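Colleague: Got a structure for you, query.json, holding JSON, C-alpha atoms.
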```json
[["chain", "number", "residue", "atom", "x", "y", "z"],
["A", 1, "MET", "CA", 0.00, 0.00, 0.00],
["A", 2, "MET", "CA", 1.43, 3.35, -1.06],
["A", 3, "VAL", "CA", 1.91, 6.07, 1.56],
["A", 4, "PRO", "CA", 0.29, 9.40, 0.53],
["A", 5, "VAL", "CA", 2.75, 11.98, -0.77],
["A", 6, "LEU", "CA", 1.44, 14.47, 1.79],
["A", 7, "VAL", "CA", 2.46, 12.23, 4.68],
["A", 8, "LEU", "CA", 5.88, 11.61, 3.13],
["A", 9, "LEU", "CA", 6.47, 15.35, 2.81],
["A", 10, "ILE", "CA", 5.43, 15.96, 6.41],
["A", 11, "VAL", "CA", 7.67, 13.24, 7.82],
["A", 12, "ALA", "CA", 10.65, 14.13, 5.62],
["A", 13, "ALA", "CA", 10.45, 17.81, 6.43],
["A", 14, "ASP", "CA", 10.16, 17.26, 10.16],
["A", 15, "ALA", "CA", 13.87, 16.68, 10.75],
["A", 16, "PRO", "CA", 15.51, 20.02, 11.61],
["A", 17, "VAL", "CA", 19.24, 20.21, 12.15],
["A", 18, "ALA", "CA", 18.87, 21.54, 15.70],
["A", 19, "SER", "CA", 15.41, 20.92, 17.08],
["A", 20, "LEU", "CA", 14.15, 21.60, 20.58],
["A", 21, "ASP", "CA", 13.95, 17.86, 21.20],
["A", 22, "GLN", "CA", 17.58, 17.45, 20.18],
["A", 23, "ALA", "CA", 18.64, 20.26, 22.50],
["A", 24, "LEU", "CA", 16.70, 18.63, 25.32],
["A", 25, "ALA", "CA", 18.30, 15.25, 24.59],
["A", 26, "ALA", "CA", 21.75, 16.87, 24.67],
["A", 27, "ALA", "CA", 21.08, 18.28, 28.13],
["A", 28, "GLN", "CA", 19.76, 14.94, 29.36],
["A", 29, "GLY", "CA", 22.85, 13.16, 28.07],
["A", 30, "LYS", "CA", 25.21, 15.69, 29.61],
["A", 31, "SER", "CA", 23.90, 16.21, 33.12],
["A", 32, "ARG", "CA", 22.55, 13.79, 35.70],
["A", 33, "ALA", "CA", 21.39, 16.76, 37.80],
["A", 34, "PHE", "CA", 19.32, 17.99, 34.86],
["A", 35, "ASN", "CA", 17.69, 14.58, 34.45],
["A", 36, "GLU", "CA", 16.79, 14.42, 38.13],
["A", 37, "ALA", "CA", 15.37, 17.96, 38.16],
["A", 38, "TRP", "CA", 13.37, 17.32, 34.97],
["A", 39, "ALA", "CA", 11.95, 14.06, 36.34],
["A", 40, "ALA", "CA", 10.97, 15.73, 39.63],
["A", 41, "ALA", "CA", 9.11, 18.53, 37.83],
["A", 42, "ALA", "CA", 7.40, 16.07, 35.49],
["A", 43, "ASN", "CA", 6.28, 13.92, 38.44],
["A", 44, "ARG", "CA", 4.52, 17.00, 39.81],
["A", 45, "ASP", "CA", 2.98, 17.68, 36.40],
["A", 46, "TRP", "CA", 4.92, 20.96, 36.17],
["A", 47, "SER", "CA", 2.64, 22.53, 38.77],
["A", 48, "ASP", "CA", 5.23, 22.92, 41.54],
["A", 49, "GLN", "CA", 7.08, 26.20, 41.07],
["A", 50, "LYS", "CA", 10.14, 25.16, 43.05],
["A", 51, "SER", "CA", 10.59, 22.04, 40.91],
["A", 52, "VAL", "CA", 10.34, 24.16, 37.75],
["A", 53, "GLU", "CA", 12.94, 26.58, 39.10],
["A", 54, "ASN", "CA", 15.27, 23.66, 39.82],
["A", 55, "VAL", "CA", 15.02, 22.65, 36.16],
["A", 56, "LEU", "CA", 15.82, 26.19, 35.02],
["A", 57, "LEU", "CA", 18.90, 26.22, 37.27],
["A", 58, "GLN", "CA", 20.30, 23.44, 35.06],
["A", 59, "ALA", "CA", 20.10, 25.54, 31.88],
["A", 60, "ALA", "CA", 23.87, 25.34, 31.40],
["A", 61, "ALA", "CA", 23.47, 21.69, 30.42],
["A", 62, "SER", "CA", 21.70, 22.66, 27.18],
["A", 63, "PRO", "CA", 23.44, 23.85, 23.97],
["A", 64, "LYS", "CA", 22.01, 27.38, 24.32],
["A", 65, "PRO", "CA", 20.88, 29.25, 27.45],
["A", 66, "GLY", "CA", 17.21, 29.51, 26.48],
["A", 67, "ASP", "CA", 16.65, 25.90, 25.42],
["A", 68, "VAL", "CA", 15.56, 24.67, 28.83],
["A", 69, "ARG", "CA", 13.19, 27.60, 29.40],
["A", 70, "LEU", "CA", 11.60, 26.97, 25.98],
["A", 71, "ALA", "CA", 11.24, 23.27, 26.79],
["A", 72, "VAL", "CA", 9.57, 24.12, 30.11],
["A", 73, "ALA", "CA", 7.18, 26.49, 28.32],
["A", 74, "ARG", "CA", 6.25, 23.71, 25.91],
["A", 75, "GLU", "CA", 5.37, 21.41, 28.82],
["A", 76, "LEU", "CA", 3.11, 24.12, 30.24],
["A", 77, "ILE", "CA", 1.43, 24.66, 26.86],
["A", 78, "ARG", "CA", 0.69, 20.94, 26.64],
["A", 79, "ARG", "CA", -1.16, 21.33, 29.95],
["A", 80, "LYS", "CA", -3.21, 24.32, 28.67],
["A", 81, "ARG", "CA", -1.34, 26.74, 30.92],
["A", 82, "ALA", "CA", -0.72, 29.43, 28.32],
["A", 83, "ASP", "CA", -0.45, 32.25, 30.86],
["A", 84, "ASP", "CA", 2.34, 30.50, 32.75],
["A", 85, "ALA", "CA", 4.08, 29.52, 29.51],
["A", 86, "TRP", "CA", 4.12, 33.14, 28.35],
["A", 87, "GLU", "CA", 6.07, 34.15, 31.46],
["A", 88, "HIS", "CA", 8.89, 31.92, 30.18],
["A", 89, "LEU", "CA", 8.57, 32.80, 26.50],
["A", 90, "LYS", "CA", 8.20, 36.57, 26.53],
["A", 91, "ALA", "CA", 11.85, 37.40, 27.23],
["A", 92, "LEU", "CA", 13.41, 34.76, 24.98],
["A", 93, "ARG", "CA", 15.04, 35.81, 21.70],
["A", 94, "PRO", "CA", 15.73, 33.59, 18.68],
["A", 95, "SER", "CA", 19.46, 33.83, 19.40],
["A", 96, "ASP", "CA", 18.86, 32.36, 22.87],
["A", 97, "VAL", "CA", 17.62, 28.99, 21.60],
["A", 98, "SER", "CA", 18.77, 26.19, 19.32],
["A", 99, "ASP", "CA", 15.38, 26.04, 17.60],
["A", 100, "PRO", "CA", 14.10, 29.54, 16.65],
["A", 101, "ALA", "CA", 11.21, 28.01, 14.72],
["A", 102, "ALA", "CA", 9.91, 26.33, 17.88],
["A", 103, "LEU", "CA", 10.24, 29.62, 19.77],
["A", 104, "HIS", "CA", 8.22, 31.61, 17.20],
["A", 105, "PHE", "CA", 5.65, 28.84, 16.89],
["A", 106, "HIS", "CA", 4.99, 28.51, 20.61],
["A", 107, "ARG", "CA", 5.03, 32.28, 21.16],
["A", 108, "GLY", "CA", 2.48, 32.68, 18.36],
["A", 109, "GLY", "CA", 0.31, 29.87, 19.71],
["A", 110, "VAL", "CA", 0.29, 31.28, 23.23],
["A", 111, "LEU", "CA", -0.43, 34.81, 22.03],
["A", 112, "GLN", "CA", -3.43, 33.71, 19.97],
["A", 113, "THR", "CA", -4.73, 31.72, 22.95],
["A", 114, "LEU", "CA", -4.45, 34.83, 25.11],
["A", 115, "GLY", "CA", -6.35, 36.90, 22.54],
["A", 116, "ARG", "CA", -3.36, 38.92, 21.29],
["A", 117, "HIS", "CA", -4.07, 38.09, 17.67],
["A", 118, "GLU", "CA", -1.98, 40.78, 15.95],
["A", 119, "ASP", "CA", 1.09, 39.80, 17.97],
["A", 120, "ALA", "CA", 0.42, 36.13, 17.18],
["A", 121, "VAL", "CA", 0.32, 36.85, 13.44],
["A", 122, "LYS", "CA", 3.67, 38.66, 13.70],
["A", 123, "GLU", "CA", 5.23, 35.62, 15.36],
["A", 124, "PHE", "CA", 3.84, 33.29, 12.68],
["A", 125, "LEU", "CA", 5.19, 35.57, 9.93],
["A", 126, "GLU", "CA", 8.61, 35.54, 11.61],
["A", 127, "LEU", "CA", 8.42, 31.75, 11.64],
["A", 128, "GLU", "CA", 7.51, 31.51, 7.96],
["A", 129, "ALA", "CA", 10.47, 33.74, 7.05],
["A", 130, "LEU", "CA", 12.97, 31.29, 8.56],
["A", 131, "PRO", "CA", 14.79, 28.80, 6.30],
["A", 132, "ASN", "CA", 14.18, 25.04, 6.57],
["A", 133, "VAL", "CA", 11.21, 25.27, 8.93],
["A", 134, "PRO", "CA", 9.76, 21.85, 9.91],
["A", 135, "GLU", "CA", 6.59, 21.29, 7.92],
["A", 136, "ARG", "CA", 4.33, 20.76, 10.92],
["A", 137, "TYR", "CA", 5.38, 24.16, 12.29],
["A", 138, "ALA", "CA", 5.06, 25.94, 8.94],
["A", 139, "ALA", "CA", 1.70, 24.45, 7.93],
["A", 140, "THR", "CA", 0.09, 24.82, 11.35],
["A", 141, "ALA", "CA", 1.37, 28.39, 11.79],
["A", 142, "LYS", "CA", 0.06, 29.38, 8.37],
["A", 143, "ALA", "CA", -3.30, 27.76, 9.07],
["A", 144, "LEU", "CA", -3.63, 29.63, 12.36],
["A", 145, "ARG", "CA", -2.48, 32.89, 10.76],
["A", 146, "ILE", "CA", -5.10, 32.63, 8.02],
["A", 147, "GLU", "CA", -7.77, 31.77, 10.57],
["A", 148, "LEU", "CA", -6.85, 34.83, 12.66],
["A", 149, "ALA", "CA", -6.81, 37.09, 9.57],
["A", 150, "ALA", "CA", -10.36, 36.02, 8.72],
["A", 151, "LEU", "CA", -11.65, 36.16, 12.28],
["A", 152, "LYS", "CA", -14.07, 38.92, 13.19],
["A", 153, "ARG", "CA", -14.38, 39.53, 16.89],
["A", 154, "GLU", "CA", -18.10, 40.30, 16.72],
["A", 155, "SER", "CA", -18.90, 37.18, 14.65],
["A", 156, "LEU", "CA", -20.01, 33.84, 16.06],
["A", 157, "PRO", "CA", -16.57, 32.28, 15.36],
["A", 158, "GLY", "CA", -14.99, 35.16, 17.29],
["A", 159, "VAL", "CA", -17.30, 34.61, 20.23],
["A", 160, "ALA", "CA", -16.74, 30.84, 20.06],
["A", 161, "ARG", "CA", -12.97, 31.35, 20.26],
["A", 162, "ASP", "CA", -13.33, 33.45, 23.40],
["A", 163, "MET", "CA", -15.69, 30.87, 24.90],
["A", 164, "ARG", "CA", -13.01, 28.22, 24.38],
["A", 165, "GLU", "CA", -10.54, 30.48, 26.17],
["A", 166, "ILE", "CA", -12.94, 30.86, 29.12],
["A", 167, "ARG", "CA", -13.34, 27.09, 29.29],
["A", 168, "ARG", "CA", -9.57, 26.59, 29.17],
["A", 169, "ARG", "CA", -9.04, 29.01, 32.04],
["A", 170, "LEU", "CA", -11.69, 27.34, 34.15],
["A", 171, "GLU", "CA", -10.25, 23.89, 33.43],
["A", 172, "ILE", "CA", -6.92, 24.97, 34.92],
["A", 173, "SER", "CA", -8.65, 26.58, 37.92],
["A", 174, "ARG", "CA", -8.02, 30.17, 36.88],
["A", 175, "PRO", "CA", -11.31, 32.04, 37.52],
["A", 176, "ASP", "CA", -9.42, 35.34, 37.81],
["A", 177, "GLN", "CA", -10.43, 38.87, 36.79],
["A", 178, "ARG", "CA", -9.49, 38.29, 33.15],
["A", 179, "THR", "CA", -11.73, 35.23, 33.00],
["A", 180, "GLN", "CA", -14.61, 37.13, 34.57],
["A", 181, "ASP", "CA", -14.17, 40.13, 32.26],
["A", 182, "LEU", "CA", -13.98, 37.89, 29.20],
["A", 183, "ASN", "CA", -17.14, 36.07, 30.29],
["A", 184, "LYS", "CA", -19.04, 39.36, 30.67],
["A", 185, "ASP", "CA", -17.78, 40.50, 27.27],
["A", 186, "VAL", "CA", -18.90, 37.27, 25.58],
["A", 187, "ILE", "CA", -22.37, 37.53, 27.13],
["A", 188, "GLY", "CA", -22.60, 41.14, 25.97],
["A", 189, "ARG", "CA", -21.65, 40.25, 22.40],
["A", 190, "LEU", "CA", -24.13, 37.36, 22.31],
["A", 191, "ASP", "CA", -26.91, 39.62, 23.61],
["A", 192, "LYS", "CA", -26.11, 42.16, 20.89],
["A", 193, "MET", "CA", -26.15, 39.46, 18.18],
["A", 194, "ILE", "CA", -29.57, 38.23, 19.34],
["A", 195, "ASP", "CA", -30.87, 41.79, 19.48],
["A", 196, "ASP", "CA", -29.57, 42.57, 15.96],
["A", 197, "LEU", "CA", -31.10, 39.39, 14.55],
["A", 198, "GLN", "CA", -34.44, 40.24, 16.16],
["A", 199, "LYS", "CA", -34.35, 43.75, 14.68],
["A", 200, "GLN", "CA", -33.54, 42.34, 11.22],
["A", 201, "ALA", "CA", -36.40, 39.85, 11.49],
["A", 202, "ASN", "CA", -38.84, 42.58, 12.57],
["A", 203, "ALA", "CA", -37.71, 44.89, 9.76],
["A", 204, "ALA", "CA", -38.11, 42.14, 7.16],
["A", 205, "LYS", "CA", -41.57, 41.32, 8.52],
["A", 206, "ARG", "CA", -42.70, 44.96, 8.25],
["A", 207, "LYS", "CA", -41.28, 45.27, 4.73],
["A", 208, "ASN", "CA", -43.22, 42.25, 3.54],
["A", 209, "GLY", "CA", -46.46, 43.04, 5.26],
["A", 210, "GLY", "CA", -45.97, 40.49, 7.99],
["A", 211, "LYS", "CA", -44.82, 37.71, 5.67],
["A", 212, "PRO", "CA", -41.35, 36.15, 5.95],
["A", 213, "SER", "CA", -39.00, 37.19, 3.16],
["A", 214, "LYS", "CA", -37.36, 34.43, 1.12],
["A", 215, "PRO", "CA", -37.12, 31.87, 3.90],
["A", 216, "ALA", "CA", -34.96, 29.56, 1.77],
["A", 217, "GLU", "CA", -32.32, 32.28, 1.40],
["A", 218, "GLU", "CA", -32.54, 33.31, 5.05],
["A", 219, "SER", "CA", -31.89, 29.76, 6.16],
["A", 220, "ARG", "CA", -28.83, 29.39, 3.95],
["A", 221, "PRO", "CA", -25.62, 29.61, 6.02],
["A", 222, "ILE", "CA", -23.54, 32.72, 5.51],
["A", 223, "GLN", "CA", -20.04, 32.07, 4.24],
["A", 224, "GLU", "CA", -17.33, 34.57, 5.06],
["A", 225, "LYS", "CA", -14.41, 34.97, 2.73],
["A", 226, "THR", "CA", -11.01, 34.39, 4.24],
["A", 227, "THR", "CA", -8.04, 36.65, 3.70],
["A", 228, "GLY", "CA", -4.37, 35.97, 3.38],
["A", 229, "GLU", "CA", -2.46, 33.41, 1.40],
["A", 230, "VAL", "CA", -3.96, 29.96, 1.07],
["A", 231, "ALA", "CA", -1.15, 28.10, -0.59],
["A", 232, "ASP", "CA", 2.61, 27.96, -0.49],
["A", 233, "GLY", "CA", 3.89, 26.37, -3.69],
["A", 234, "ARG", "CA", 7.33, 25.80, -2.24],
["A", 235, "ARG", "CA", 5.97, 23.62, 0.54],
["A", 236, "PHE", "CA", 2.85, 22.06, -0.92],
["A", 237, "SER", "CA", 3.70, 21.28, -4.53],
["A", 238, "ASN", "CA", 2.55, 17.87, -5.78],
["A", 239, "VAL", "CA", 0.57, 17.02, -2.66],
["A", 240, "GLY", "CA", -2.73, 16.41, -4.47],
["A", 241, "LYS", "CA", -6.11, 17.35, -3.05],
["A", 242, "TRP", "CA", -6.46, 17.15, 0.70],
["A", 243, "GLY", "CA", -10.15, 16.36, 0.36],
["A", 244, "ASP", "CA", -9.41, 13.38, -1.89],
["A", 245, "LEU", "CA", -7.42, 11.53, 0.79],
["A", 246, "PRO", "CA", -9.24, 8.58, 2.40],
["A", 247, "ASP", "CA", -10.41, 9.32, 5.94],
["A", 248, "LYS", "CA", -7.78, 7.11, 7.59],
["A", 249, "GLU", "CA", -4.93, 8.63, 5.59],
["A", 250, "ARG", "CA", -6.14, 12.17, 6.22],
["A", 251, "ALA", "CA", -6.38, 11.44, 9.96],
["A", 252, "LYS", "CA", -2.84, 10.01, 9.91],
["A", 253, "ALA", "CA", -1.52, 13.09, 8.09],
["A", 254, "LEU", "CA", -3.23, 15.37, 10.62],
["A", 255, "GLN", "CA", -1.75, 13.37, 13.47],
["A", 256, "ASP", "CA", 1.75, 13.64, 12.01],
["A", 257, "LEU", "CA", 1.29, 17.33, 11.32],
["A", 258, "THR", "CA", -0.01, 18.35, 14.74],
["A", 259, "ARG", "CA", 1.57, 15.90, 17.16],
["A", 260, "ASP", "CA", 2.49, 17.52, 20.49],
["A", 261, "PHE", "CA", 0.38, 20.58, 19.64],
["A", 262, "PRO", "CA", -2.75, 21.62, 21.60],
["A", 263, "ALA", "CA", -5.82, 19.76, 20.31],
["A", 264, "HIS", "CA", -7.64, 22.84, 18.99],
["A", 265, "TYR", "CA", -4.89, 23.36, 16.37],
["A", 266, "ARG", "CA", -6.18, 20.33, 14.46],
["A", 267, "ASP", "CA", -9.35, 22.15, 13.36],
["A", 268, "ALA", "CA", -7.38, 25.06, 11.95],
["A", 269, "VAL", "CA", -5.02, 22.77, 10.06],
["A", 270, "GLU", "CA", -7.83, 20.67, 8.56],
["A", 271, "GLU", "CA", -9.72, 23.79, 7.52],
["A", 272, "TYR", "CA", -6.52, 25.12, 5.92],
["A", 273, "PHE", "CA", -6.11, 22.03, 3.76],
["A", 274, "LYS", "CA", -9.79, 22.00, 2.80],
["A", 275, "LYS", "CA", -9.37, 25.54, 1.51],
["A", 276, "LEU", "CA", -6.17, 24.52, -0.22],
["A", 277, "SER", "CA", -7.91, 21.79, -2.21],
["A", 278, "LYS", "CA", -10.84, 24.07, -3.05],
["A", 279, "GLU", "CA", -8.49, 26.71, -4.41],
["A", 280, "GLY", "CA", -7.68, 24.49, -7.35],
["A", 281, "GLY", "CA", -6.03, 21.16, -6.78],
["A", 282, "GLU", "CA", -2.29, 21.02, -7.06],
["A", 283, "VAL", "CA", -0.41, 24.18, -6.18],
["A", 284, "ARG", "CA", 1.98, 25.66, -8.67],
["A", 285, "LYS", "CA", 5.63, 25.69, -7.77]]
```
Now, as a test, write the supplied structure out as structure tokens.
Modeller:
Amino acid sequence: MMVPVLVLLIVAADAPVASLDQALAAAQGKSRAFNEAWAAAANRDWSDQKSVENVLLQAAASPKPGDVRLAVARELIRRKRADDAWEHLKALRPSDVSDPAALHFHRGGVLQTLGRHEDAVKEFLELEALPNVPERYAATAKALRIELAALKRESLPGVARDMREIRRRLEISRPDQRTQDLNKDVIGRLDKMIDDLQKQANAAKRKNGGKPSKPAEESRPIQEKTTGEVADGRRFSNVGKWGDLPDKERAKALQDLTRDFPAHYRDAVEEYFKKLSKEGGEVRK
């Protein structure tokens, strides 16, 4: 059975010269103290601040000074603790780490989770400008960037994104002022949407003498156009149509593409490839 070209491209491209995982492995192979500190923090699910600080004290074991801090931030992201991860990521520079692509990717992901969409897009653009970016970083970052470019805060997708952020914060026991303010804001936007829809319905009813106007058209879902680039010929040439892949192969490709990433990234990536295939099949080089 032949493996889809898309999967081959993803796997082949996901072998950077100096990845975050390689930097972490180097530290683990160099220092027993680092291994012990890392294991202790992991056993506490990265929730014990003192254990995390002990890991950071072993930063000298890694190839570059920021590698360990970036690795710690990634563990926090995997546990939906974007706020805590940002405290480690915000001061890091690309020159501080062995894997600048990972830094830009995780900074962008955290910023979009925290609602700082313009800053997130900047990070994703910085990532895309780097040479030899692993495909799963490049494709996922572009998918998220396009999603953010098309997102309207007052639309239902915009409200849904903020509702997911509220749920995330509650899941990690963070019912702080930001969570409360965001909840009030979401309720206010939903109330306004309902009010606007009611006004539109009443206006249409008056215009048509009390009769509904074109119910078939009113029930048709509204499709918003997305902005931004949809295809990168350099990275996605000869991949065929995403929508033509069998379900199992598409699921496998998504798994390869988004492994170790927060679960909600999968939707953005799948939507990206659906748009890619709709734009016209194979992408020109």
Colleague: So the first atom is atom CA of A:Ala41 and the second is atom CA of A:Ala26; what is the distance between them in Å, to one decimal place?
Modeller: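 If I compute the distance from atom CA of A:Ala41 to atom CA of A:Ala26, I get 18.3 Å.
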Colleague: By how many Å are atom CA of A:Val159 and atom CA of A:Arg136 apart?
Modeller: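 The value is 27.3 Å.
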Colleague: What gap, in Å, lies between atom CA of A:Ala143 and atom CA of A:Leu182?
Modeller: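 We find that atom CA of A:Ala143 and atom CA of A:Leu182 lie 24.9 Å from each other.
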Colleague: Using all atoms listed in the file, which residue out of A:Gly29, A:Ala101, A:Asp185, A:His88 lies closest to A:Glu53?
Modeller: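 Ranking A:Gly29, A:Ala101, A:Asp185, A:His88 by distance to A:Glu53, first place goes to A:His88.
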Colleague: Just checking: using all atoms listed in the file, which residue out of A:Arg69, A:Lys64, A:Lys199, A:Lys142 ends up closest to A:Val52?
Modeller: A:Arg69
Colleague: Using all atoms listed in the file, find the one residue out of A:Gln22, A:Ile187, A:Arg153, A:Phe105 that sits nearest to A:Glu135.
Modeller: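 The shortest atom-to-atom distance to A:Glu135 comes from A:Phe105.
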